[in-house]
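J.: Structure supplied as run_7.txt; contents: compact mmCIF, C-alpha atoms.
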# COMPACT_ATOMS: atom_id res chain seq x y z
CA MET A 1 122.82 113.84 78.26
CA GLY A 2 120.27 111.57 80.00
CA ASP A 3 118.08 112.46 82.90
CA VAL A 4 120.17 113.06 85.99
CA GLN A 5 117.38 113.56 88.52
CA THR A 6 116.47 110.33 90.29
CA TYR A 7 113.80 109.48 92.88
CA GLU A 8 113.82 107.26 95.93
CA LEU A 9 111.26 104.47 96.25
CA ARG A 10 110.50 103.40 99.80
CA PRO A 11 108.68 100.06 100.02
CA ILE A 12 105.35 100.15 101.87
CA GLY A 13 105.44 96.41 102.52
CA ARG A 14 106.54 93.01 101.25
CA VAL A 15 105.00 90.07 99.44
CA ARG A 16 104.73 86.89 101.49
CA SER A 17 104.31 83.89 99.21
CA PRO A 18 105.25 80.21 98.92
CA LEU A 19 106.91 81.23 95.62
CA THR A 20 110.62 81.64 96.26
CA ASP A 21 112.20 80.99 92.87
CA ARG A 22 111.78 83.52 90.09
CA GLY A 23 112.27 80.86 87.43
CA ALA A 24 109.42 78.75 88.78
CA ALA A 25 106.98 81.63 89.24
CA PRO A 26 104.11 81.87 86.76
CA LYS A 27 104.53 84.71 84.27
CA GLN A 28 101.17 86.21 85.16
CA GLY A 29 98.95 85.99 88.23
CA ASP A 30 96.13 84.23 86.44
CA GLU A 31 98.43 81.40 85.40
CA GLY A 32 98.41 79.63 88.73
CA ALA A 33 99.79 81.85 91.48
CA PRO A 34 99.30 80.33 94.95
CA PRO A 35 97.51 82.32 97.67
CA ALA A 36 99.83 85.00 98.99
CA SER A 37 99.77 87.95 101.35
CA ILE A 38 101.09 91.48 101.56
CA ALA A 39 102.63 92.50 104.87
CA ILE A 40 102.24 96.27 104.96
CA SER A 41 104.52 98.21 107.28
CA PRO A 42 102.50 99.42 110.30
CA GLU A 43 103.43 103.06 109.59
CA PHE A 44 101.13 102.85 106.53
CA ALA A 45 98.10 101.44 108.38
CA GLU A 46 96.13 104.63 107.77
CA ALA A 47 96.72 104.43 104.00
CA MET A 48 95.26 100.89 103.82
CA ALA A 49 92.37 101.45 106.23
CA ASP A 50 89.70 101.42 103.51
CA LEU A 51 90.83 98.29 101.65
CA GLU A 52 88.07 95.69 101.89
CA VAL A 53 87.71 91.96 101.43
CA GLY A 54 86.46 91.22 97.93
CA ALA A 55 87.99 94.33 96.37
CA THR A 56 90.10 93.96 93.25
CA VAL A 57 93.10 96.27 93.38
CA ILE A 58 96.29 96.99 91.47
CA VAL A 59 99.43 96.16 93.43
CA LEU A 60 102.67 97.77 92.30
CA THR A 61 105.87 95.96 93.20
CA TRP A 62 109.56 96.53 92.68
CA LEU A 63 110.90 93.43 90.91
CA HIS A 64 114.19 93.66 92.74
CA GLU A 65 115.72 90.69 90.93
CA GLY A 66 115.21 92.33 87.52
CA ASP A 67 118.22 93.22 85.37
CA ARG A 68 117.93 96.97 84.78
CA THR A 69 120.40 96.99 81.89
CA VAL A 70 118.17 94.86 79.63
CA LEU A 71 116.44 96.81 76.83
CA SER A 72 115.09 93.98 74.64
CA VAL A 73 114.10 90.35 75.27
CA HIS A 74 112.70 87.28 73.62
CA PRO A 75 109.10 87.46 74.91
CA ARG A 76 108.35 84.86 77.58
CA ASP A 77 111.93 83.55 77.26
CA ASP A 78 110.97 81.90 73.96
CA VAL A 79 114.07 82.20 71.75
CA THR A 80 112.02 81.43 68.63
CA ARG A 81 110.32 84.81 69.13
CA PRO A 82 112.18 87.89 67.88
CA LEU A 83 113.93 90.24 70.27
CA THR A 84 111.39 92.82 71.39
CA GLY A 85 111.89 96.16 73.14
CA VAL A 86 111.01 95.73 76.82
CA PHE A 87 108.45 98.57 76.78
CA SER A 88 106.35 96.26 74.56
CA THR A 89 106.67 93.36 77.01
CA ARG A 90 106.03 92.45 80.64
CA SER A 91 109.62 91.38 81.17
CA PRO A 92 110.83 91.89 84.76
CA ASP A 93 114.17 92.86 83.22
CA ARG A 94 113.75 96.56 82.30
CA PRO A 95 115.15 99.96 83.31
CA ASN A 96 112.70 100.46 86.19
CA PRO A 97 111.39 97.00 87.10
CA VAL A 98 107.98 97.96 88.44
CA GLY A 99 105.50 95.07 88.50
CA LEU A 100 101.75 95.56 88.05
CA HIS A 101 99.48 92.92 89.54
CA VAL A 102 95.69 92.84 89.51
CA VAL A 103 94.77 90.95 92.69
CA THR A 104 91.69 90.29 94.79
CA ILE A 105 91.76 90.86 98.52
CA THR A 106 90.57 87.74 100.34
CA GLY A 107 91.31 88.77 103.91
CA VAL A 108 92.49 91.63 106.11
CA ASP A 109 94.26 90.94 109.40
CA GLY A 110 95.79 94.03 110.97
CA THR A 111 98.17 95.38 108.34
CA THR A 112 98.37 92.08 106.42
CA LEU A 113 96.29 91.55 103.30
CA ALA A 114 95.57 88.03 102.05
CA VAL A 115 95.36 88.11 98.25
CA ARG A 116 94.60 85.92 95.24
CA ASP A 117 96.45 86.05 91.86
CA LEU A 118 99.71 87.65 93.04
CA GLU A 119 102.57 85.94 91.22
CA ALA A 120 105.53 87.75 92.80
CA VAL A 121 108.16 85.83 94.76
CA ASP A 122 108.44 85.96 98.54
CA GLY A 123 110.11 89.13 99.77
CA THR A 124 109.27 91.27 96.72
CA PRO A 125 108.92 94.91 97.83
CA VAL A 126 105.44 96.43 97.43
CA ILE A 127 105.49 100.12 96.52
CA ASP A 128 101.82 101.08 96.06
CA ILE A 129 98.23 99.82 95.99
CA LYS A 130 95.56 101.48 93.83
CA PRO A 131 91.91 100.91 92.93
CA VAL A 132 91.31 99.27 89.57
CA LEU A 133 88.74 101.82 88.46
CA GLY A 134 89.90 105.37 87.97
CA PRO A 135 87.12 107.92 87.97
CA GLU A 136 85.20 107.01 91.10
CA ARG A 137 87.63 107.95 93.86
CA MET B 1 111.28 99.00 112.40
CA GLY B 2 110.15 100.03 108.88
CA ASP B 3 111.74 98.93 105.67
CA VAL B 4 115.18 100.49 105.39
CA GLN B 5 116.08 99.26 101.89
CA THR B 6 115.20 101.82 99.23
CA TYR B 7 115.46 101.75 95.43
CA GLU B 8 116.45 104.37 92.90
CA LEU B 9 114.08 105.26 90.08
CA ARG B 10 115.73 106.68 86.98
CA PRO B 11 113.29 108.39 84.60
CA ILE B 12 113.25 107.01 81.06
CA GLY B 13 111.71 110.20 79.69
CA ARG B 14 109.43 113.15 80.34
CA VAL B 15 105.85 114.14 79.59
CA ARG B 16 105.48 117.07 77.20
CA SER B 17 102.02 118.60 77.52
CA PRO B 18 100.22 121.94 77.40
CA LEU B 19 99.10 121.12 80.96
CA THR B 20 101.36 123.00 83.35
CA ASP B 21 99.24 123.43 86.46
CA ARG B 22 98.44 120.42 88.60
CA GLY B 23 95.28 122.05 89.93
CA ALA B 24 93.88 122.55 86.44
CA ALA B 25 94.75 119.08 85.17
CA PRO B 26 91.86 116.64 84.75
CA LYS B 27 91.79 113.92 87.41
CA GLN B 28 91.81 111.15 84.82
CA GLY B 29 92.96 110.97 81.21
CA ASP B 30 89.51 110.31 79.82
CA GLU B 31 88.19 113.52 81.37
CA GLY B 32 89.61 115.84 78.75
CA ALA B 33 93.40 115.62 78.61
CA PRO B 34 94.88 117.52 75.65
CA PRO B 35 97.16 115.72 73.17
CA ALA B 36 100.57 115.21 74.74
CA SER B 37 103.84 113.52 74.01
CA ILE B 38 106.47 111.50 75.79
CA ALA B 39 110.08 112.42 75.08
CA ILE B 40 112.03 109.25 75.77
CA SER B 41 115.75 109.58 76.49
CA PRO B 42 117.73 108.36 73.45
CA GLU B 43 119.58 105.80 75.56
CA PHE B 44 116.28 103.86 75.80
CA ALA B 45 115.56 103.85 72.04
CA GLU B 46 116.01 100.06 71.89
CA ALA B 47 113.42 99.52 74.65
CA MET B 48 110.75 101.48 72.74
CA ALA B 49 111.56 100.13 69.29
CA ASP B 50 108.42 97.95 69.07
CA LEU B 51 105.87 100.53 70.21
CA GLU B 52 103.44 101.16 67.36
CA VAL B 53 100.93 103.79 66.37
CA GLY B 54 97.47 102.73 67.46
CA ALA B 55 98.68 100.68 70.42
CA THR B 56 97.14 101.26 73.83
CA VAL B 57 99.77 101.09 76.55
CA ILE B 58 100.16 101.72 80.26
CA VAL B 59 102.46 104.63 81.05
CA LEU B 60 103.91 104.81 84.55
CA THR B 61 104.93 108.23 85.79
CA TRP B 62 106.45 109.64 88.95
CA LEU B 63 104.07 112.34 90.19
CA HIS B 64 106.91 114.47 91.45
CA GLU B 65 104.65 117.15 92.89
CA GLY B 66 102.86 114.62 95.13
CA ASP B 67 103.07 114.97 98.92
CA ARG B 68 104.57 111.69 100.11
CA THR B 69 103.54 112.21 103.75
CA VAL B 70 99.80 112.06 102.98
CA LEU B 71 98.11 108.79 104.05
CA SER B 72 94.40 109.71 103.66
CA VAL B 73 92.46 112.20 101.57
CA HIS B 74 88.98 113.42 100.76
CA PRO B 75 88.48 111.67 97.38
CA ARG B 76 88.67 114.06 94.44
CA ASP B 77 89.25 116.96 96.87
CA ASP B 78 85.55 116.83 97.81
CA VAL B 79 85.45 117.66 101.52
CA THR B 80 81.91 116.28 101.81
CA ARG B 81 83.38 112.82 101.20
CA PRO B 82 84.95 111.08 104.18
CA LEU B 83 88.72 110.83 104.60
CA THR B 84 89.84 107.71 102.76
CA GLY B 85 93.14 105.83 102.93
CA VAL B 86 95.18 106.71 99.85
CA PHE B 87 95.61 103.05 98.81
CA SER B 88 91.84 103.12 98.06
CA THR B 89 92.17 106.28 95.94
CA ARG B 90 94.01 107.64 92.91
CA SER B 91 95.36 110.60 94.89
CA PRO B 92 98.75 111.84 93.61
CA ASP B 93 99.59 112.45 97.26
CA ARG B 94 100.76 109.04 98.56
CA PRO B 95 103.93 107.39 99.88
CA ASN B 96 105.24 106.45 96.41
CA PRO B 97 103.48 108.74 93.93
CA VAL B 98 103.49 106.47 90.89
CA GLY B 99 100.90 107.44 88.28
CA LEU B 100 99.23 104.88 85.99
CA HIS B 101 97.92 106.16 82.67
CA VAL B 102 96.22 104.15 79.93
CA VAL B 103 97.09 106.02 76.74
CA THR B 104 96.93 105.45 72.99
CA ILE B 105 99.97 106.07 70.83
CA THR B 106 99.07 108.40 67.95
CA GLY B 107 102.52 108.95 66.50
CA VAL B 108 106.16 107.93 66.75
CA ASP B 109 108.93 110.36 65.74
CA GLY B 110 112.39 109.16 66.68
CA THR B 111 112.25 108.67 70.46
CA THR B 112 109.17 110.87 70.91
CA LEU B 113 105.73 109.29 71.26
CA ALA B 114 102.60 111.35 70.57
CA VAL B 115 99.81 110.12 72.85
CA ARG B 116 96.13 110.61 73.63
CA ASP B 117 94.54 110.57 77.12
CA LEU B 118 97.65 111.42 79.16
CA GLU B 119 96.63 113.83 81.91
CA ALA B 120 100.02 114.44 83.55
CA VAL B 121 101.52 117.93 83.66
CA ASP B 122 104.44 119.02 81.50
CA GLY B 123 107.76 117.76 82.80
CA THR B 124 106.37 114.77 84.70
CA PRO B 125 109.01 112.00 84.76
CA VAL B 126 108.06 108.79 82.94
CA ILE B 127 109.44 105.64 84.55
CA ASP B 128 108.05 102.76 82.47
CA ILE B 129 105.79 101.79 79.56
CA LYS B 130 103.99 98.42 79.47
CA PRO B 131 101.47 96.64 77.25
CA VAL B 132 97.89 96.69 78.52
CA LEU B 133 97.39 92.96 78.05
CA GLY B 134 99.46 90.67 80.17
CA PRO B 135 99.66 87.12 78.91
CA GLU B 136 100.63 87.63 75.28
CA ARG B 137 104.18 88.94 75.57
Output the file's structure in the form of structure tokens.

T.:
Amino acid sequence: MGDVQTYELRPIGRVRSPLTDRGAAPKQGDEGAPPASIAISPEFAEAMADLEVGATVIVLTWLHEGDRTVLSVHPRDDVTRPLTGVFSTRSPDRPNPVGLHVVTITGVDGTTLAVRDLEAVDGTPVIDIKPVLGPER
Amino acid sequence: MGDVQTYELRPIGRVRSPLTDRGAAPKQGDEGAPPASIAISPEFAEAMADLEVGATVIVLTWLHEGDRTVLSVHPRDDVTRPLTGVFSTRSPDRPNPVGLHVVTITGVDGTTLAVRDLEAVDGTPVIDIKPVLGPER
């Protein structure tokens, strides 16, 4: 049967980064991502108005180069490791390739956020930004 | 201008929970969510094959009852708190209402996962499952 209802994601902005090649990008943000920024579409200025320099936030991206037909992978592209179901991995190849990135805001200029530890390639769509801690807000 | 390119989310399963009313649901999973389960569509069995009882995972949902036009809210519906941009809150009302839930797997039965600390209402679409820790896999 499957689930016929689908939903439409509308990007709220884009990653701007010197990283342009998925193969060369670090697997995780704390493995050497260069400084990057998030260009948020001006229509969402109100939604980002309370983001502050120094805050650590969760950035959700759509890993648009991911292969959505992949259901298992060799973790970290290491073929000596057994095939593993993608829901147990961080593979960008998965049915809904949403990326989660814990980043620190280092600057705010209009609707552009400068950030540290964001490993996504240039042009990656950003779909949401959330606080790291749940209960407070 | 805005970002015209959109992306299609296809649910990989659904939340099954005694919670049926968004208003009555706890705001966060550690605030008293009842035991729940995730019914994963059989076509994604391979992707979930390595999820194990006892594992803590991140479940991503699509909060389909969220109001996507909302850009700022009074945090936790407390009108004495100032309006806050939704990217600084966990409000389910936001441009792309993706929910993040840190849950513990308490059972696996075929393609159904029993879980603890999942506060989403019954029928909520599940879009992805990821390990909590990044670097290992």

J.: When you look at Val57 (chain B) with a cut-off of 6 Å (counting all atoms listed in the file), what residues show up, excluding the ones that are within fewer than 5 positions of it in the same chain? I need them as a PyMOL selection string.

T.: chain B and resi 102-103+130-132

J.: So that I can check the surroundings of region 6-20 of chain A, please list as a VMD selection string every protein, DNA and RNA residue that reaches within 9 Å of it, counting only C-alpha atoms and ignoring chain neighbours fewer than 5 positions away.

T.: (chain A and resid 25 33 to 44 61 to 62 118 to 128) or (chain B and resid 2 to 11 62 64 95 to 96)

J.: Would you mind telling me which residue in A:Val73, A:Ile105, A:Met48, A:Ile58 lies nearest to Arg90 (chain A) when using all atoms listed in the file?

T.: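 That would be A:Val73, the residue with the smallest distance to Arg90 (chain A).
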
J.: Would you work out the distance separating CA of Ser91 (chain B) from CA of Arg68 (chain A), expressed in Å to one decimal?

T.: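 That distance, rounded to one decimal, is 28.2 Å.
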
J.: Quick one: pull the distance between CA of Thr80 (chain B) and CA of Ala49 (chain A), Å, one decimal.

T.: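 That distance, rounded to one decimal, is 18.7 Å.
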
J.: Just how far from CA of Pro97 (chain A) is CA of Pro75 (chain A), in Å to one decimal?

T.: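 Separating CA of Pro75 (chain A) from CA of Pro97 (chain A) is a distance of 15.6 Å.
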
J.: Could you model all heavy atoms for region 107-118 of chain A and present them as a PDB file, in the frame of the given file?

T.:
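After the write, part14.pdb holds the following:
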ATOM      1  N   GLY A 107      91.331  88.660 102.453  1.00  0.00           N
ATOM      2  CA  GLY A 107      91.310  88.770 103.910  1.00  0.00           C
ATOM      3  C   GLY A 107      92.120  89.970 104.360  1.00  0.00           C
ATOM      4  O   GLY A 107      93.039  90.400 103.666  1.00  0.00           O
ATOM      5  N   VAL A 108      91.740  90.522 105.506  1.00  0.00           N
ATOM      6  CA  VAL A 108      92.490  91.630 106.110  1.00  0.00           C
ATOM      7  C   VAL A 108      92.692  91.288 107.575  1.00  0.00           C
ATOM      8  O   VAL A 108      91.732  91.016 108.293  1.00  0.00           O
ATOM      9  CB  VAL A 108      91.734  92.974 105.984  1.00  0.00           C
ATOM     10  CG1 VAL A 108      92.546  94.101 106.610  1.00  0.00           C
ATOM     11  CG2 VAL A 108      91.401  93.298 104.529  1.00  0.00           C
ATOM     12  N   ASP A 109      93.953  91.257 108.009  1.00  0.00           N
ATOM     13  CA  ASP A 109      94.260  90.940 109.400  1.00  0.00           C
ATOM     14  C   ASP A 109      95.316  91.948 109.863  1.00  0.00           C
ATOM     15  O   ASP A 109      96.494  91.809 109.550  1.00  0.00           O
ATOM     16  CB  ASP A 109      94.800  89.508 109.488  1.00  0.00           C
ATOM     17  CG  ASP A 109      95.156  89.123 110.917  1.00  0.00           C
ATOM     18  OD1 ASP A 109      94.848  89.891 111.855  1.00  0.00           O
ATOM     19  OD2 ASP A 109      95.761  88.040 111.101  1.00  0.00           O
ATOM     20  N   GLY A 110      94.861  92.973 110.578  1.00  0.00           N
ATOM     21  CA  GLY A 110      95.790  94.030 110.970  1.00  0.00           C
ATOM     22  C   GLY A 110      96.302  94.728 109.735  1.00  0.00           C
ATOM     23  O   GLY A 110      95.510  95.221 108.920  1.00  0.00           O
ATOM     24  N   THR A 111      97.615  94.746 109.553  1.00  0.00           N
ATOM     25  CA  THR A 111      98.170  95.380 108.340  1.00  0.00           C
ATOM     26  C   THR A 111      98.617  94.330 107.318  1.00  0.00           C
ATOM     27  O   THR A 111      99.435  94.620 106.449  1.00  0.00           O
ATOM     28  CB  THR A 111      99.339  96.316 108.689  1.00  0.00           C
ATOM     29  OG1 THR A 111     100.308  95.588 109.433  1.00  0.00           O
ATOM     30  CG2 THR A 111      98.864  97.517 109.489  1.00  0.00           C
ATOM     31  N   THR A 112      98.075  93.124 107.417  1.00  0.00           N
ATOM     32  CA  THR A 112      98.370  92.080 106.420  1.00  0.00           C
ATOM     33  C   THR A 112      97.142  91.815 105.565  1.00  0.00           C
ATOM     34  O   THR A 112      96.042  91.605 106.089  1.00  0.00           O
ATOM     35  CB  THR A 112      98.830  90.790 107.109  1.00  0.00           C
ATOM     36  OG1 THR A 112     100.040  91.043 107.825  1.00  0.00           O
ATOM     37  CG2 THR A 112      99.082  89.683 106.091  1.00  0.00           C
ATOM     38  N   LEU A 113      97.354  91.844 104.264  1.00  0.00           N
ATOM     39  CA  LEU A 113      96.290  91.550 103.300  1.00  0.00           C
ATOM     40  C   LEU A 113      96.520  90.166 102.724  1.00  0.00           C
ATOM     41  O   LEU A 113      97.593  89.889 102.182  1.00  0.00           O
ATOM     42  CB  LEU A 113      96.317  92.540 102.142  1.00  0.00           C
ATOM     43  CG  LEU A 113      96.191  94.026 102.436  1.00  0.00           C
ATOM     44  CD1 LEU A 113      96.420  94.837 101.152  1.00  0.00           C
ATOM     45  CD2 LEU A 113      94.801  94.325 103.009  1.00  0.00           C
ATOM     46  N   ALA A 114      95.520  89.297 102.800  1.00  0.00           N
ATOM     47  CA  ALA A 114      95.570  88.030 102.050  1.00  0.00           C
ATOM     48  C   ALA A 114      95.048  88.318 100.656  1.00  0.00           C
ATOM     49  O   ALA A 114      94.053  89.029 100.490  1.00  0.00           O
ATOM     50  CB  ALA A 114      94.708  86.976 102.744  1.00  0.00           C
ATOM     51  N   VAL A 115      95.731  87.791  99.626  1.00  0.00           N
ATOM     52  CA  VAL A 115      95.360  88.110  98.250  1.00  0.00           C
ATOM     53  C   VAL A 115      95.408  86.876  97.355  1.00  0.00           C
ATOM     54  O   VAL A 115      96.136  85.914  97.618  1.00  0.00           O
ATOM     55  CB  VAL A 115      96.264  89.205  97.641  1.00  0.00           C
ATOM     56  CG1 VAL A 115      96.099  90.526  98.382  1.00  0.00           C
ATOM     57  CG2 VAL A 115      97.715  88.776  97.619  1.00  0.00           C
ATOM     58  N   ARG A 116      94.648  86.959  96.268  1.00  0.00           N
ATOM     59  CA  ARG A 116      94.600  85.920  95.240  1.00  0.00           C
ATOM     60  C   ARG A 116      95.198  86.493  93.954  1.00  0.00           C
ATOM     61  O   ARG A 116      95.036  87.683  93.680  1.00  0.00           O
ATOM     62  CB  ARG A 116      93.124  85.560  95.014  1.00  0.00           C
ATOM     63  CG  ARG A 116      92.876  84.327  94.190  1.00  0.00           C
ATOM     64  CD  ARG A 116      91.408  83.917  94.280  1.00  0.00           C
ATOM     65  NE  ARG A 116      90.528  85.008  93.869  1.00  0.00           N
ATOM     66  CZ  ARG A 116      89.314  85.218  94.360  1.00  0.00           C
ATOM     67  NH1 ARG A 116      88.819  84.434  95.299  1.00  0.00           N
ATOM     68  NH2 ARG A 116      88.581  86.221  93.915  1.00  0.00           N
ATOM     69  N   ASP A 117      95.904  85.670  93.181  1.00  0.00           N
ATOM     70  CA  ASP A 117      96.450  86.050  91.860  1.00  0.00           C
ATOM     71  C   ASP A 117      97.664  86.962  91.907  1.00  0.00           C
ATOM     72  O   ASP A 117      97.898  87.745  90.989  1.00  0.00           O
ATOM     73  CB  ASP A 117      95.370  86.713  90.971  1.00  0.00           C
ATOM     74  CG  ASP A 117      94.215  85.773  90.652  1.00  0.00           C
ATOM     75  OD1 ASP A 117      94.444  84.549  90.633  1.00  0.00           O
ATOM     76  OD2 ASP A 117      93.098  86.258  90.434  1.00  0.00           O
ATOM     77  N   LEU A 118      98.469  86.863  92.968  1.00  0.00           N
ATOM     78  CA  LEU A 118      99.710  87.650  93.040  1.00  0.00           C
ATOM     79  C   LEU A 118     100.875  86.699  92.783  1.00  0.00           C
ATOM     80  O   LEU A 118     101.143  85.796  93.574  1.00  0.00           O
ATOM     81  CB  LEU A 118      99.838  88.304  94.417  1.00  0.00           C
ATOM     82  CG  LEU A 118     101.112  89.128  94.654  1.00  0.00           C
ATOM     83  CD1 LEU A 118     101.262  90.216  93.601  1.00  0.00           C
ATOM     84  CD2 LEU A 118     101.085  89.734  96.045  1.00  0.00           C
TER      85      LEU A 118
END
